[in-house]
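Structure first, then comments.
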Amino acid sequence: MKTKDLPLLILLVLGISFLLSLTFLRCEAPRSAATLTGKVECVAVDERNNVSLVALSTQMGEYMIGDDAKGKELLQLVNRRVKVRGRVTEDEHGQPTIHVSKYEMVPQ
């Protein structure tokens with residue numbers, strides 16, 4: 001091996017190491033309990049035009065509503081203000097999601 005090839009080899013090894021570290025270090029955000037208040041917003045509808053996915057729009061940002069039993073109940077509350085208690089996670093794209101354990105409607 002020539003001496004002038006050494007820096008290129010070092011850069012190659014560092015680049016591969018960096019890419020591997022991203023793969024191994026990729027993990028879900030810590031799960032934490034939260035209480036959020038905001039407006040339920042429609043995100044998606046199905047082929048029959050029924051609400052199929054909702055998010056909670058708060059002063060701190062938008063949180064997707066988890067697809068679990070309590071979360072599905074919120075599909076019926078689009079454009080209503082609610083107070084939600086649940087576990088917050090992030091999906092693989094960094095979008096915060098709240099998995100609802102309980103909720104209550106709040107005055108507009």
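All residue names refer to the structure tokens as shown: chains lettered A, B, ... in order, residues numbered from 1 in each chain, ligands numbered from 1 in order.
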For stretch 54-71 of chain A, please output as a PyMOL selection string all residues within 10 Å (counting only C-alpha atoms; exclusion window: fewer than 4 positions along the same chain). chain A and resi 36-45+75-84+86-91+95-103
Residue nearest A:Ser32 - candidates A:Arg85, A:Asn49, A:Leu74, A:Met105, atoms counted: only C-alpha atoms: A:Arg85
Between atom CA of A:Arg48 and atom CA of A:Gly94, what is the spacing in Å? 29.5 Å
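The space separating atom CA of A:Glu73 from atom CA of A:His93 comes to 24.8 Å.
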Suppose you want the space between atom CA of A:Val106 and atom CA of A:Ala34; what is it in Å?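 It comes out at 16.7 Å.
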